[in-house]
Structures are given as C-alpha cells and as structure tokens.
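Reproduced below: work-v9.txt, with compact mmCIF, N, CA and C atoms.
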```
# COMPACT_ATOMS: atom_id res chain seq x y z
N MET A 9 15.12 -22.46 30.72
CA MET A 9 15.45 -21.72 29.51
C MET A 9 14.15 -21.27 28.85
N ARG A 10 14.20 -20.06 28.31
CA ARG A 10 13.06 -19.51 27.57
C ARG A 10 13.45 -19.44 26.10
N PRO A 11 13.09 -20.46 25.30
CA PRO A 11 13.55 -20.49 23.91
C PRO A 11 12.87 -19.49 22.98
N GLY A 12 11.69 -18.96 23.35
CA GLY A 12 10.94 -18.07 22.45
C GLY A 12 11.74 -16.90 21.93
N GLY A 13 12.23 -16.06 22.84
CA GLY A 13 13.01 -14.89 22.43
C GLY A 13 14.28 -15.28 21.71
N THR A 14 14.90 -16.36 22.14
CA THR A 14 16.14 -16.83 21.52
C THR A 14 15.87 -17.27 20.08
N LEU A 15 14.75 -17.92 19.83
CA LEU A 15 14.43 -18.36 18.47
C LEU A 15 14.19 -17.18 17.53
N TYR A 16 13.76 -16.05 18.09
CA TYR A 16 13.57 -14.85 17.26
C TYR A 16 14.86 -14.06 17.11
N GLY A 17 15.92 -14.47 17.79
CA GLY A 17 17.22 -13.82 17.62
C GLY A 17 17.61 -12.89 18.75
N PHE A 18 16.89 -12.92 19.87
CA PHE A 18 17.21 -12.07 21.02
C PHE A 18 18.02 -12.85 22.06
N THR A 19 19.09 -13.47 21.64
CA THR A 19 19.87 -14.34 22.52
C THR A 19 20.40 -13.60 23.74
N ARG A 20 21.13 -12.53 23.56
CA ARG A 20 21.74 -11.83 24.69
C ARG A 20 20.70 -11.08 25.51
N ASN A 21 19.60 -10.76 24.94
CA ASN A 21 18.55 -10.05 25.66
C ASN A 21 17.73 -10.99 26.53
N VAL A 22 17.76 -12.30 26.22
CA VAL A 22 16.96 -13.28 26.93
C VAL A 22 17.80 -14.11 27.89
N LEU A 23 18.98 -14.53 27.45
CA LEU A 23 19.82 -15.40 28.25
C LEU A 23 20.78 -14.62 29.14
N SER A 24 21.06 -15.16 30.28
CA SER A 24 22.04 -14.57 31.19
C SER A 24 23.41 -14.52 30.51
N PRO A 25 24.20 -13.48 30.78
CA PRO A 25 25.54 -13.38 30.16
C PRO A 25 26.45 -14.56 30.53
N GLN A 26 26.15 -15.25 31.63
CA GLN A 26 26.97 -16.39 32.04
C GLN A 26 26.71 -17.64 31.20
N ILE A 27 25.59 -17.65 30.48
CA ILE A 27 25.23 -18.79 29.66
C ILE A 27 25.78 -18.60 28.26
N GLU A 28 26.45 -19.62 27.75
CA GLU A 28 26.98 -19.55 26.38
C GLU A 28 25.82 -19.49 25.39
N ALA A 29 25.91 -18.60 24.44
CA ALA A 29 24.84 -18.43 23.46
C ALA A 29 24.72 -19.68 22.59
N PRO A 30 23.52 -20.25 22.49
CA PRO A 30 23.34 -21.42 21.63
C PRO A 30 23.45 -21.03 20.16
N SER A 31 23.75 -21.99 19.33
CA SER A 31 23.91 -21.69 17.90
C SER A 31 22.61 -21.94 17.15
N PHE A 32 21.53 -21.32 17.63
CA PHE A 32 20.25 -21.41 16.95
C PHE A 32 20.26 -20.54 15.70
N ARG A 33 19.52 -20.95 14.71
CA ARG A 33 19.28 -20.12 13.54
C ARG A 33 17.94 -19.43 13.77
N PRO A 34 17.90 -18.11 13.81
CA PRO A 34 16.64 -17.41 14.08
C PRO A 34 15.54 -17.81 13.10
N VAL A 35 14.30 -17.85 13.60
CA VAL A 35 13.16 -18.26 12.78
C VAL A 35 12.52 -17.08 12.05
N MET A 36 13.03 -15.88 12.26
CA MET A 36 12.41 -14.69 11.69
C MET A 36 13.39 -13.98 10.76
N SER A 37 12.88 -13.49 9.64
CA SER A 37 13.68 -12.68 8.72
C SER A 37 12.73 -11.68 8.05
N LEU A 38 13.31 -10.64 7.47
CA LEU A 38 12.52 -9.62 6.80
C LEU A 38 13.26 -9.19 5.54
N TYR A 39 12.54 -9.19 4.42
CA TYR A 39 13.12 -8.87 3.13
C TYR A 39 12.30 -7.81 2.41
N SER A 40 12.96 -7.10 1.52
CA SER A 40 12.30 -6.21 0.59
C SER A 40 13.07 -6.33 -0.73
N HIS A 41 12.90 -5.37 -1.61
CA HIS A 41 13.63 -5.36 -2.87
C HIS A 41 13.85 -3.91 -3.31
N ILE A 42 14.78 -3.73 -4.22
CA ILE A 42 15.07 -2.39 -4.74
C ILE A 42 14.03 -2.03 -5.81
N MET A 43 13.32 -0.93 -5.58
CA MET A 43 12.32 -0.50 -6.55
C MET A 43 12.77 0.68 -7.41
N LEU A 44 13.85 1.38 -6.97
CA LEU A 44 14.34 2.53 -7.71
C LEU A 44 15.82 2.72 -7.40
N LEU A 45 16.60 2.99 -8.43
CA LEU A 45 18.02 3.35 -8.28
C LEU A 45 18.21 4.74 -8.86
N LYS A 46 18.93 5.58 -8.13
CA LYS A 46 19.10 6.95 -8.59
C LYS A 46 20.50 7.45 -8.25
N GLN A 47 21.18 8.05 -9.23
CA GLN A 47 22.46 8.71 -9.00
C GLN A 47 22.18 10.04 -8.31
N VAL A 48 22.90 10.30 -7.24
CA VAL A 48 22.71 11.54 -6.49
C VAL A 48 24.07 12.21 -6.33
N SER A 49 24.13 13.51 -6.56
CA SER A 49 25.38 14.25 -6.46
C SER A 49 25.77 14.53 -5.02
N LYS A 50 27.05 14.76 -4.82
CA LYS A 50 27.56 15.15 -3.51
C LYS A 50 26.84 16.43 -3.05
N GLY A 51 26.48 16.47 -1.77
CA GLY A 51 25.85 17.65 -1.20
C GLY A 51 24.33 17.65 -1.25
N GLU A 52 23.72 16.61 -1.83
CA GLU A 52 22.26 16.54 -1.89
C GLU A 52 21.69 16.10 -0.55
N SER A 53 20.55 16.66 -0.18
CA SER A 53 19.84 16.27 1.05
C SER A 53 18.80 15.22 0.71
N LEU A 54 18.67 14.24 1.62
CA LEU A 54 17.75 13.13 1.38
C LEU A 54 16.80 12.95 2.56
N GLY A 55 15.62 12.46 2.26
CA GLY A 55 14.66 12.07 3.29
C GLY A 55 13.85 13.24 3.83
N TYR A 56 12.76 12.89 4.53
CA TYR A 56 11.95 13.91 5.19
C TYR A 56 12.81 14.73 6.13
N GLY A 57 12.63 16.03 6.10
CA GLY A 57 13.40 16.90 6.98
C GLY A 57 14.85 17.05 6.56
N CYS A 58 15.21 16.48 5.39
CA CYS A 58 16.60 16.57 4.88
C CYS A 58 17.60 16.19 5.97
N THR A 59 17.38 15.06 6.63
CA THR A 59 18.24 14.66 7.75
C THR A 59 19.55 14.02 7.33
N PHE A 60 19.74 13.81 6.03
CA PHE A 60 21.01 13.25 5.55
C PHE A 60 21.48 14.06 4.35
N GLN A 61 22.78 14.33 4.31
CA GLN A 61 23.37 15.01 3.17
C GLN A 61 24.51 14.16 2.64
N THR A 62 24.51 13.91 1.34
CA THR A 62 25.54 13.06 0.74
C THR A 62 26.91 13.74 0.82
N THR A 63 27.93 12.94 1.11
CA THR A 63 29.30 13.45 1.19
C THR A 63 30.11 13.08 -0.04
N ARG A 64 29.47 12.39 -0.98
CA ARG A 64 30.11 11.98 -2.23
C ARG A 64 29.00 11.76 -3.25
N ASP A 65 29.37 11.68 -4.52
CA ASP A 65 28.41 11.25 -5.52
C ASP A 65 27.99 9.83 -5.12
N SER A 66 26.70 9.55 -5.12
CA SER A 66 26.19 8.32 -4.55
C SER A 66 25.18 7.65 -5.46
N LEU A 67 24.98 6.36 -5.23
CA LEU A 67 23.92 5.61 -5.87
C LEU A 67 22.95 5.22 -4.76
N ILE A 68 21.74 5.76 -4.84
CA ILE A 68 20.74 5.58 -3.78
C ILE A 68 19.65 4.64 -4.28
N ALA A 69 19.32 3.67 -3.46
CA ALA A 69 18.23 2.74 -3.78
C ALA A 69 17.05 3.05 -2.87
N THR A 70 15.87 2.98 -3.43
CA THR A 70 14.64 3.11 -2.65
C THR A 70 14.05 1.72 -2.50
N ILE A 71 13.69 1.38 -1.26
CA ILE A 71 13.04 0.09 -1.02
C ILE A 71 11.64 0.34 -0.44
N PRO A 72 10.67 -0.46 -0.88
CA PRO A 72 9.29 -0.23 -0.46
C PRO A 72 8.97 -0.88 0.88
N ILE A 73 9.51 -0.30 1.93
CA ILE A 73 9.21 -0.73 3.29
C ILE A 73 9.48 0.45 4.20
N GLY A 74 8.65 0.61 5.21
CA GLY A 74 8.82 1.73 6.13
C GLY A 74 8.21 1.41 7.48
N TYR A 75 8.00 2.44 8.29
CA TYR A 75 7.52 2.19 9.64
C TYR A 75 6.11 1.61 9.68
N ALA A 76 5.30 1.85 8.66
CA ALA A 76 3.96 1.24 8.62
C ALA A 76 4.05 -0.28 8.45
N ASP A 77 5.18 -0.75 7.94
CA ASP A 77 5.41 -2.18 7.74
C ASP A 77 6.15 -2.80 8.92
N GLY A 78 6.49 -1.99 9.92
CA GLY A 78 7.20 -2.50 11.09
C GLY A 78 8.69 -2.24 11.09
N TYR A 79 9.21 -1.59 10.04
CA TYR A 79 10.63 -1.24 10.03
C TYR A 79 10.78 0.06 10.79
N ARG A 80 11.42 0.00 11.93
CA ARG A 80 11.44 1.09 12.91
C ARG A 80 11.99 2.41 12.36
N ARG A 81 11.31 3.48 12.69
CA ARG A 81 11.74 4.81 12.26
C ARG A 81 13.05 5.22 12.91
N ASN A 82 13.34 4.68 14.11
CA ASN A 82 14.59 5.06 14.75
C ASN A 82 15.81 4.39 14.11
N LEU A 83 15.61 3.66 13.03
CA LEU A 83 16.74 3.16 12.23
C LEU A 83 17.17 4.20 11.19
N SER A 84 16.49 5.34 11.17
CA SER A 84 16.84 6.44 10.27
C SER A 84 18.30 6.83 10.48
N ASN A 85 19.05 6.91 9.39
CA ASN A 85 20.46 7.34 9.41
C ASN A 85 21.38 6.47 10.25
N CYS A 86 20.92 5.30 10.69
CA CYS A 86 21.82 4.43 11.47
C CYS A 86 21.60 2.95 11.19
N GLY A 87 20.52 2.58 10.51
CA GLY A 87 20.28 1.17 10.20
C GLY A 87 21.19 0.69 9.09
N ARG A 88 21.21 -0.63 8.94
CA ARG A 88 21.97 -1.26 7.85
C ARG A 88 21.13 -2.38 7.27
N VAL A 89 21.31 -2.61 5.99
CA VAL A 89 20.65 -3.71 5.30
C VAL A 89 21.72 -4.46 4.51
N ILE A 90 21.33 -5.60 3.95
CA ILE A 90 22.27 -6.39 3.14
C ILE A 90 21.74 -6.46 1.71
N VAL A 91 22.61 -6.10 0.76
CA VAL A 91 22.29 -6.19 -0.66
C VAL A 91 23.45 -6.91 -1.34
N ARG A 92 23.15 -8.01 -2.03
CA ARG A 92 24.18 -8.79 -2.73
C ARG A 92 25.36 -9.14 -1.82
N GLY A 93 25.07 -9.49 -0.57
CA GLY A 93 26.11 -9.90 0.37
C GLY A 93 26.94 -8.78 0.95
N LYS A 94 26.55 -7.53 0.71
CA LYS A 94 27.26 -6.35 1.23
C LYS A 94 26.34 -5.53 2.12
N LEU A 95 26.91 -4.94 3.16
CA LEU A 95 26.13 -4.05 4.02
C LEU A 95 25.93 -2.71 3.32
N ALA A 96 24.73 -2.19 3.43
CA ALA A 96 24.40 -0.88 2.86
C ALA A 96 23.69 -0.07 3.94
N PRO A 97 24.14 1.16 4.18
CA PRO A 97 23.53 1.98 5.24
C PRO A 97 22.18 2.57 4.84
N VAL A 98 21.32 2.71 5.85
CA VAL A 98 20.04 3.41 5.68
C VAL A 98 20.34 4.91 5.74
N LEU A 99 19.82 5.66 4.78
CA LEU A 99 20.06 7.10 4.71
C LEU A 99 18.76 7.86 4.91
N GLY A 100 18.83 8.96 5.60
CA GLY A 100 17.65 9.78 5.78
C GLY A 100 16.66 9.13 6.73
N ARG A 101 15.50 9.75 6.81
CA ARG A 101 14.46 9.28 7.71
C ARG A 101 13.67 8.12 7.07
N VAL A 102 13.48 7.06 7.83
CA VAL A 102 12.60 5.98 7.38
C VAL A 102 11.19 6.57 7.33
N SER A 103 10.55 6.50 6.17
CA SER A 103 9.21 7.07 6.05
C SER A 103 8.15 5.98 6.25
N MET A 104 6.90 6.34 6.05
CA MET A 104 5.83 5.40 6.31
C MET A 104 5.94 4.14 5.44
N ASP A 105 6.31 4.31 4.18
CA ASP A 105 6.34 3.13 3.31
C ASP A 105 7.56 3.04 2.40
N LEU A 106 8.57 3.87 2.63
CA LEU A 106 9.80 3.84 1.83
C LEU A 106 11.02 4.05 2.71
N THR A 107 12.13 3.44 2.31
CA THR A 107 13.41 3.63 2.99
C THR A 107 14.48 3.80 1.92
N LEU A 108 15.43 4.70 2.16
CA LEU A 108 16.55 4.93 1.24
C LEU A 108 17.80 4.26 1.77
N ILE A 109 18.57 3.65 0.86
CA ILE A 109 19.84 3.02 1.24
C ILE A 109 20.91 3.41 0.23
N ASP A 110 22.15 3.43 0.70
CA ASP A 110 23.30 3.76 -0.16
C ASP A 110 23.89 2.46 -0.71
N VAL A 111 23.79 2.27 -2.02
CA VAL A 111 24.31 1.05 -2.63
C VAL A 111 25.52 1.34 -3.54
N TYR A 112 26.17 2.47 -3.32
CA TYR A 112 27.32 2.86 -4.13
C TYR A 112 28.41 1.78 -4.11
N ASP A 113 28.61 1.15 -2.95
CA ASP A 113 29.68 0.16 -2.79
C ASP A 113 29.22 -1.28 -3.04
N VAL A 114 28.05 -1.45 -3.60
CA VAL A 114 27.53 -2.79 -3.90
C VAL A 114 27.72 -3.07 -5.39
N PRO A 115 28.63 -3.97 -5.73
CA PRO A 115 28.88 -4.24 -7.15
C PRO A 115 27.66 -4.84 -7.86
N ASP A 116 27.44 -4.41 -9.09
CA ASP A 116 26.40 -4.97 -9.96
C ASP A 116 24.98 -4.88 -9.39
N VAL A 117 24.72 -3.89 -8.55
CA VAL A 117 23.38 -3.74 -7.99
C VAL A 117 22.38 -3.45 -9.10
N ARG A 118 21.17 -4.03 -8.98
CA ARG A 118 20.15 -3.86 -10.01
C ARG A 118 18.78 -3.65 -9.38
N LEU A 119 17.85 -3.14 -10.18
CA LEU A 119 16.45 -3.07 -9.77
C LEU A 119 15.98 -4.47 -9.40
N ASN A 120 15.12 -4.55 -8.41
CA ASN A 120 14.52 -5.79 -7.91
C ASN A 120 15.48 -6.69 -7.14
N ASP A 121 16.73 -6.25 -6.91
CA ASP A 121 17.62 -7.04 -6.06
C ASP A 121 17.00 -7.20 -4.68
N LEU A 122 17.22 -8.36 -4.09
CA LEU A 122 16.73 -8.65 -2.74
C LEU A 122 17.46 -7.78 -1.72
N VAL A 123 16.73 -7.26 -0.75
CA VAL A 123 17.30 -6.49 0.35
C VAL A 123 16.93 -7.21 1.65
N VAL A 124 17.94 -7.56 2.43
CA VAL A 124 17.73 -8.24 3.70
C VAL A 124 17.75 -7.18 4.80
N LEU A 125 16.63 -7.00 5.48
CA LEU A 125 16.55 -6.04 6.59
C LEU A 125 16.77 -6.75 7.92
N LEU A 126 16.47 -8.03 7.96
CA LEU A 126 16.64 -8.86 9.15
C LEU A 126 16.87 -10.28 8.66
N GLY A 127 18.02 -10.83 9.01
CA GLY A 127 18.34 -12.19 8.57
C GLY A 127 19.72 -12.26 7.95
N ARG A 128 19.94 -13.30 7.17
CA ARG A 128 21.24 -13.59 6.57
C ARG A 128 21.22 -13.28 5.08
N GLY A 129 22.33 -12.67 4.63
CA GLY A 129 22.54 -12.41 3.21
C GLY A 129 23.99 -12.71 2.90
N GLY A 130 24.25 -13.83 2.24
CA GLY A 130 25.63 -14.24 2.00
C GLY A 130 26.28 -14.67 3.30
N GLN A 131 27.44 -14.14 3.59
CA GLN A 131 28.19 -14.51 4.80
C GLN A 131 27.90 -13.61 5.99
N ILE A 132 27.04 -12.62 5.84
CA ILE A 132 26.77 -11.69 6.93
C ILE A 132 25.29 -11.73 7.31
N SER A 133 25.01 -11.25 8.49
CA SER A 133 23.62 -11.25 8.93
C SER A 133 23.33 -9.98 9.74
N ILE A 134 22.06 -9.68 9.81
CA ILE A 134 21.56 -8.59 10.66
C ILE A 134 20.60 -9.25 11.63
N THR A 135 20.91 -9.15 12.92
CA THR A 135 20.13 -9.84 13.94
C THR A 135 19.00 -8.96 14.47
N ALA A 136 18.05 -9.60 15.11
CA ALA A 136 16.96 -8.87 15.76
C ALA A 136 17.51 -7.94 16.84
N GLU A 137 18.56 -8.39 17.53
CA GLU A 137 19.18 -7.54 18.56
C GLU A 137 19.77 -6.27 17.94
N GLU A 138 20.38 -6.40 16.77
CA GLU A 138 20.97 -5.23 16.09
C GLU A 138 19.87 -4.25 15.67
N VAL A 139 18.76 -4.78 15.13
CA VAL A 139 17.66 -3.92 14.71
C VAL A 139 17.01 -3.25 15.92
N ALA A 140 16.96 -3.93 17.05
CA ALA A 140 16.32 -3.39 18.26
C ALA A 140 17.20 -2.41 19.03
N LYS A 141 18.51 -2.46 18.82
CA LYS A 141 19.44 -1.67 19.60
C LYS A 141 19.11 -0.17 19.65
N PRO A 142 18.80 0.50 18.52
CA PRO A 142 18.46 1.93 18.61
C PRO A 142 17.23 2.19 19.49
N SER A 143 16.31 1.23 19.55
CA SER A 143 15.13 1.38 20.40
C SER A 143 15.51 1.34 21.87
N LEU A 144 16.50 0.53 22.19
CA LEU A 144 16.91 0.38 23.59
C LEU A 144 17.62 1.63 24.11
N SER A 145 18.26 2.37 23.20
CA SER A 145 19.03 3.54 23.63
C SER A 145 18.13 4.70 24.07
N ILE A 146 16.84 4.66 23.74
CA ILE A 146 15.96 5.75 24.14
C ILE A 146 15.25 5.47 25.45
N LEU A 147 15.44 4.26 25.99
CA LEU A 147 14.78 3.90 27.25
C LEU A 147 15.51 4.44 28.45
```
Please, can you express the file's structure as structure tokens?
Amino acid sequence: MRPGGTLYGFTRNVLSPQIEAPSFRPVMSLYSHIMLLKQVSKGESLGYGCTFQTTRDSLIATIPIGYADGYRRNLSNCGRVIVRGKLAPVLGRVSMDLTLIDVYDVPDVRLNDLVVLLGRGGQISITAEEVAKPSLSIL
C-alpha cells in the first residue's frame, strides 16, 4: 500500500478499484475568506474574458486566492467551494489572485466568512480528487 497519496485524498487515484477505500481523513485542506460581497444583476458578465454571464440577480463573493496560490485556473466556471456548510459555484475565470463565487443560496453570508476550497465544511467536503478532476480531463 502507498499511503502518501491516500493521505492527501487521492484514494481512487492511488488504490486499485478492487481495494475498498479506507476511511482516512485527508491531511490537507485549503481555506480562504470572503473579502467582498456584491449584488449583480441578471445578464452581467463576470471574470476575465467575460466567460460567465449571470442568469439571475446574484450575490457574488470575491475570495483572495487564485492560480498564483495554487488554486487551478481550470476550475474556472466549474469549481465548487463550501461557505457556511453550502456548496457555492466558482464563476468566471480564476485569476492570478482572486476567484469569484456565487453565494446567492448561502443564508446569512457575511464578509470574512470562511471559504473551504479543499476539505470539510459542515457535513460536506471537497476532495483532492474532485479538485484535480478538471486537470485530468485535458490529458
């Protein structure tokens, strides 16, 4: 057994499918916080290159983390984070040091709320395998 990758949360990527996945708690997590909340109207374009357009009036949070910090750019428009125990989608292009998320469906969201990019938040989690998945699709 090679526990290294499994301890970082790459269970299915490291272990054979015939082996039952152990119930390890990953040793790695990644957090940020909400630095800006902004009401955005339906039809607004967000992010570099305007790669996302809102389909409803939205509440957008800016978090101070981007690809320079190791948060992959290929999570643009497809990543998810956890805020107050709820999943929130990544919107637009992940930039060098900022990422936008939709927190419209997160009750009582506030400035400085913790954002889980990798790890557990409440009853849900985002695994290293989930964060790595968009990278695997380009290989």
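Of note, atom CA of A:Ile71 and atom CA of A:Arg101 are spaced 12.8 Å apart.
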Need to verify the contact set: A:Asn82, 8 Å, only N, CA and C atoms, exclusion of same-chain residues closer than 5 positions in sequence. Can you return it as a compact mmCIF listing (two decimals) with N, CA and C atoms, keeping the file's coordinate frame?
```
# COMPACT_ATOMS: atom_id res chain seq x y z
N TYR A 75 8.00 2.44 8.29
CA TYR A 75 7.52 2.19 9.64
C TYR A 75 6.11 1.61 9.68
N GLY A 87 20.52 2.58 10.51
CA GLY A 87 20.28 1.17 10.20
C GLY A 87 21.19 0.69 9.09
N ARG A 101 15.50 9.75 6.81
CA ARG A 101 14.46 9.28 7.71
C ARG A 101 13.67 8.12 7.07
N VAL A 102 13.48 7.06 7.83
CA VAL A 102 12.60 5.98 7.38
C VAL A 102 11.19 6.57 7.33
N VAL A 139 18.76 -4.78 15.13
CA VAL A 139 17.66 -3.92 14.71
C VAL A 139 17.01 -3.25 15.92
N LYS A 141 18.51 -2.46 18.82
CA LYS A 141 19.44 -1.67 19.60
C LYS A 141 19.11 -0.17 19.65
N PRO A 142 18.80 0.50 18.52
CA PRO A 142 18.46 1.93 18.61
C PRO A 142 17.23 2.19 19.49
N SER A 143 16.31 1.23 19.55
CA SER A 143 15.13 1.38 20.40
C SER A 143 15.51 1.34 21.87
```
**OP:** Kindly indicate which residue among A:Ser133, A:Pro72, A:Gly100, A:Arg92 lies nearest to A:Asp116, using only N, CA and C atoms for the distances.
**Re:**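 Nearest candidate to A:Asp116 out of A:Ser133, A:Pro72, A:Gly100, A:Arg92: A:Arg92.
Only residues having an atom at most 7 Å from (13.2, 0.9, -9.4) are included; using all atoms listed in the file, these are Ile42, Met43, Leu44, Leu45, Thr70, Leu119 and Asn120 of chain A.
Across the model, the gap from atom C of A:Leu108 to atom CA of A:Tyr56 is 11.8 Å.
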Original post:
A:Lys50: which residues within 6 Å, counting all atoms listed in the file, same-chain residues fewer than 4 positions away excluded, as a list in words?
Top reply: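 What passes the distance filter is Thr62, Thr63, Arg64, Asp65 and Ser66 of chain A.
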Original post:
Quick one, how far is atom CA of A:Gly74 from atom C of A:Gly51?
Top reply: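 One can read the atom CA of A:Gly74 to atom C of A:Gly51 distance as 23.4 Å.
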Subject >> Which of A:Val98, A:Leu54, A:Leu106, A:Ile90 sits closest to A:Ala76 [using all atoms listed in the file] >> reply: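 Nearest to A:Ala76: A:Leu106.
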**OP:** Excluding A:Lys46 and residues on its chain fewer than 3 positions from it, collect all residues at most 6 Å away from it, counting only N, CA and C atoms, and give them as a list in words.
**Re:**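 Those residues are Ser66, Leu67, Ile68 and Ala69 of chain A.
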Next, the residues of the selection above should be written as a PDB file, in the coordinates of the input with N, CA and C atoms.
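part-v9.pdb written:
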```pdb
ATOM      1  N   SER A  66      26.700   9.550  -5.120  1.00  0.00           N
ATOM      2  CA  SER A  66      26.190   8.320  -4.550  1.00  0.00           C
ATOM      3  C   SER A  66      25.180   7.650  -5.460  1.00  0.00           C
ATOM      4  N   LEU A  67      24.980   6.360  -5.230  1.00  0.00           N
ATOM      5  CA  LEU A  67      23.920   5.610  -5.870  1.00  0.00           C
ATOM      6  C   LEU A  67      22.950   5.220  -4.760  1.00  0.00           C
ATOM      7  N   ILE A  68      21.740   5.760  -4.840  1.00  0.00           N
ATOM      8  CA  ILE A  68      20.740   5.580  -3.780  1.00  0.00           C
ATOM      9  C   ILE A  68      19.650   4.640  -4.280  1.00  0.00           C
ATOM     10  N   ALA A  69      19.320   3.670  -3.460  1.00  0.00           N
ATOM     11  CA  ALA A  69      18.230   2.740  -3.780  1.00  0.00           C
ATOM     12  C   ALA A  69      17.050   3.050  -2.870  1.00  0.00           C
TER      13      ALA A  69
END
```
**OP:** Point out the residue among A:Val117, A:Leu126, A:Phe60, A:Asp77 with the least atom-to-atom distance to A:Val89, counting all atoms listed in the file.
**Re:** A:Leu126
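Those DNA, RNA and protein residues that approach the point (18.1, -10.4, -3.3) to within 7 Å, considering all atoms listed in the file, are Ser40, His41, Val91, Arg92, Asn120, Asp121, Leu122, Val123 and Val124 of chain A.
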**OP:** Using all atoms listed in the file, find the one residue out of A:Ser31, A:Glu137, A:Ser53, A:Ile73 that sits nearest to A:Thr107.
**Re:** A:Ile73
Original post:
as a list in words, which residues of stretch 19-92 of chain A does DSSP assign to strand (DSSP E)?
Top reply: Leu38, Tyr39, Ser40, His41, Leu44, Leu45, Lys46, Gln47, Val48, Ser53, Leu54, Phe60, Gln61, Ser66, Leu67, Ile68, Ala69, Thr70, Ile71, Arg88, Val89, Ile90 and Val91 of chain A
Residues of the last selection are to be written out with N, CA and C atoms, as a PDB file, in the frame of the given file.
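Written file, again10.pdb:
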```pdb
ATOM      1  N   LEU A  38      13.310 -10.640   7.470  1.00  0.00           N
ATOM      2  CA  LEU A  38      12.520  -9.620   6.800  1.00  0.00           C
ATOM      3  C   LEU A  38      13.260  -9.190   5.540  1.00  0.00           C
ATOM      4  N   TYR A  39      12.540  -9.190   4.420  1.00  0.00           N
ATOM      5  CA  TYR A  39      13.120  -8.870   3.130  1.00  0.00           C
ATOM      6  C   TYR A  39      12.300  -7.810   2.410  1.00  0.00           C
ATOM      7  N   SER A  40      12.960  -7.100   1.520  1.00  0.00           N
ATOM      8  CA  SER A  40      12.300  -6.210   0.590  1.00  0.00           C
ATOM      9  C   SER A  40      13.070  -6.330  -0.730  1.00  0.00           C
ATOM     10  N   HIS A  41      12.900  -5.370  -1.610  1.00  0.00           N
ATOM     11  CA  HIS A  41      13.630  -5.360  -2.870  1.00  0.00           C
ATOM     12  C   HIS A  41      13.850  -3.910  -3.310  1.00  0.00           C
ATOM     13  N   LEU A  44      13.850   1.380  -6.970  1.00  0.00           N
ATOM     14  CA  LEU A  44      14.340   2.530  -7.710  1.00  0.00           C
ATOM     15  C   LEU A  44      15.820   2.720  -7.400  1.00  0.00           C
ATOM     16  N   LEU A  45      16.600   2.990  -8.430  1.00  0.00           N
ATOM     17  CA  LEU A  45      18.020   3.350  -8.280  1.00  0.00           C
ATOM     18  C   LEU A  45      18.210   4.740  -8.860  1.00  0.00           C
ATOM     19  N   LYS A  46      18.930   5.580  -8.130  1.00  0.00           N
ATOM     20  CA  LYS A  46      19.100   6.950  -8.590  1.00  0.00           C
ATOM     21  C   LYS A  46      20.500   7.450  -8.250  1.00  0.00           C
ATOM     22  N   GLN A  47      21.180   8.050  -9.230  1.00  0.00           N
ATOM     23  CA  GLN A  47      22.460   8.710  -9.000  1.00  0.00           C
ATOM     24  C   GLN A  47      22.180  10.040  -8.310  1.00  0.00           C
ATOM     25  N   VAL A  48      22.900  10.300  -7.240  1.00  0.00           N
ATOM     26  CA  VAL A  48      22.710  11.540  -6.490  1.00  0.00           C
ATOM     27  C   VAL A  48      24.070  12.210  -6.330  1.00  0.00           C
ATOM     28  N   SER A  53      20.550  16.660  -0.180  1.00  0.00           N
ATOM     29  CA  SER A  53      19.840  16.270   1.050  1.00  0.00           C
ATOM     30  C   SER A  53      18.800  15.220   0.710  1.00  0.00           C
ATOM     31  N   LEU A  54      18.670  14.240   1.620  1.00  0.00           N
ATOM     32  CA  LEU A  54      17.750  13.130   1.380  1.00  0.00           C
ATOM     33  C   LEU A  54      16.800  12.950   2.560  1.00  0.00           C
ATOM     34  N   PHE A  60      19.740  13.810   6.030  1.00  0.00           N
ATOM     35  CA  PHE A  60      21.010  13.250   5.550  1.00  0.00           C
ATOM     36  C   PHE A  60      21.480  14.060   4.350  1.00  0.00           C
ATOM     37  N   GLN A  61      22.780  14.330   4.310  1.00  0.00           N
ATOM     38  CA  GLN A  61      23.370  15.010   3.170  1.00  0.00           C
ATOM     39  C   GLN A  61      24.510  14.160   2.640  1.00  0.00           C
ATOM     40  N   SER A  66      26.700   9.550  -5.120  1.00  0.00           N
ATOM     41  CA  SER A  66      26.190   8.320  -4.550  1.00  0.00           C
ATOM     42  C   SER A  66      25.180   7.650  -5.460  1.00  0.00           C
ATOM     43  N   LEU A  67      24.980   6.360  -5.230  1.00  0.00           N
ATOM     44  CA  LEU A  67      23.920   5.610  -5.870  1.00  0.00           C
ATOM     45  C   LEU A  67      22.950   5.220  -4.760  1.00  0.00           C
ATOM     46  N   ILE A  68      21.740   5.760  -4.840  1.00  0.00           N
ATOM     47  CA  ILE A  68      20.740   5.580  -3.780  1.00  0.00           C
ATOM     48  C   ILE A  68      19.650   4.640  -4.280  1.00  0.00           C
ATOM     49  N   ALA A  69      19.320   3.670  -3.460  1.00  0.00           N
ATOM     50  CA  ALA A  69      18.230   2.740  -3.780  1.00  0.00           C
ATOM     51  C   ALA A  69      17.050   3.050  -2.870  1.00  0.00           C
ATOM     52  N   THR A  70      15.870   2.980  -3.430  1.00  0.00           N
ATOM     53  CA  THR A  70      14.640   3.110  -2.650  1.00  0.00           C
ATOM     54  C   THR A  70      14.050   1.720  -2.500  1.00  0.00           C
ATOM     55  N   ILE A  71      13.690   1.380  -1.260  1.00  0.00           N
ATOM     56  CA  ILE A  71      13.040   0.090  -1.020  1.00  0.00           C
ATOM     57  C   ILE A  71      11.640   0.340  -0.440  1.00  0.00           C
ATOM     58  N   ARG A  88      21.210  -0.630   8.940  1.00  0.00           N
ATOM     59  CA  ARG A  88      21.970  -1.260   7.850  1.00  0.00           C
ATOM     60  C   ARG A  88      21.130  -2.380   7.270  1.00  0.00           C
ATOM     61  N   VAL A  89      21.310  -2.610   5.990  1.00  0.00           N
ATOM     62  CA  VAL A  89      20.650  -3.710   5.300  1.00  0.00           C
ATOM     63  C   VAL A  89      21.720  -4.460   4.510  1.00  0.00           C
ATOM     64  N   ILE A  90      21.330  -5.600   3.950  1.00  0.00           N
ATOM     65  CA  ILE A  90      22.270  -6.390   3.140  1.00  0.00           C
ATOM     66  C   ILE A  90      21.740  -6.460   1.710  1.00  0.00           C
ATOM     67  N   VAL A  91      22.610  -6.100   0.760  1.00  0.00           N
ATOM     68  CA  VAL A  91      22.290  -6.190  -0.660  1.00  0.00           C
ATOM     69  C   VAL A  91      23.450  -6.910  -1.340  1.00  0.00           C
TER      70      VAL A  91
END
```
Subject >> Given all atoms listed in the file as the counted atoms, nearest of A:Gly78, A:Ser84, A:Ile27, A:Ser37 to A:Met104 >> reply: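 Among the listed residues, the smallest separation from A:Met104 belongs to A:Gly78.
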Return as lines of an AutoDock Vina configuration file the box centre and box size in Å, one decimal, for an axis-aligned box around all listed atoms of stretch 89-99 of chain A padded by 6 Å per side.
```
center_x = 23.0
center_y = -1.0
center_z = 1.6
size_x = 20.5
size_y = 29.8
size_z = 20.7
```
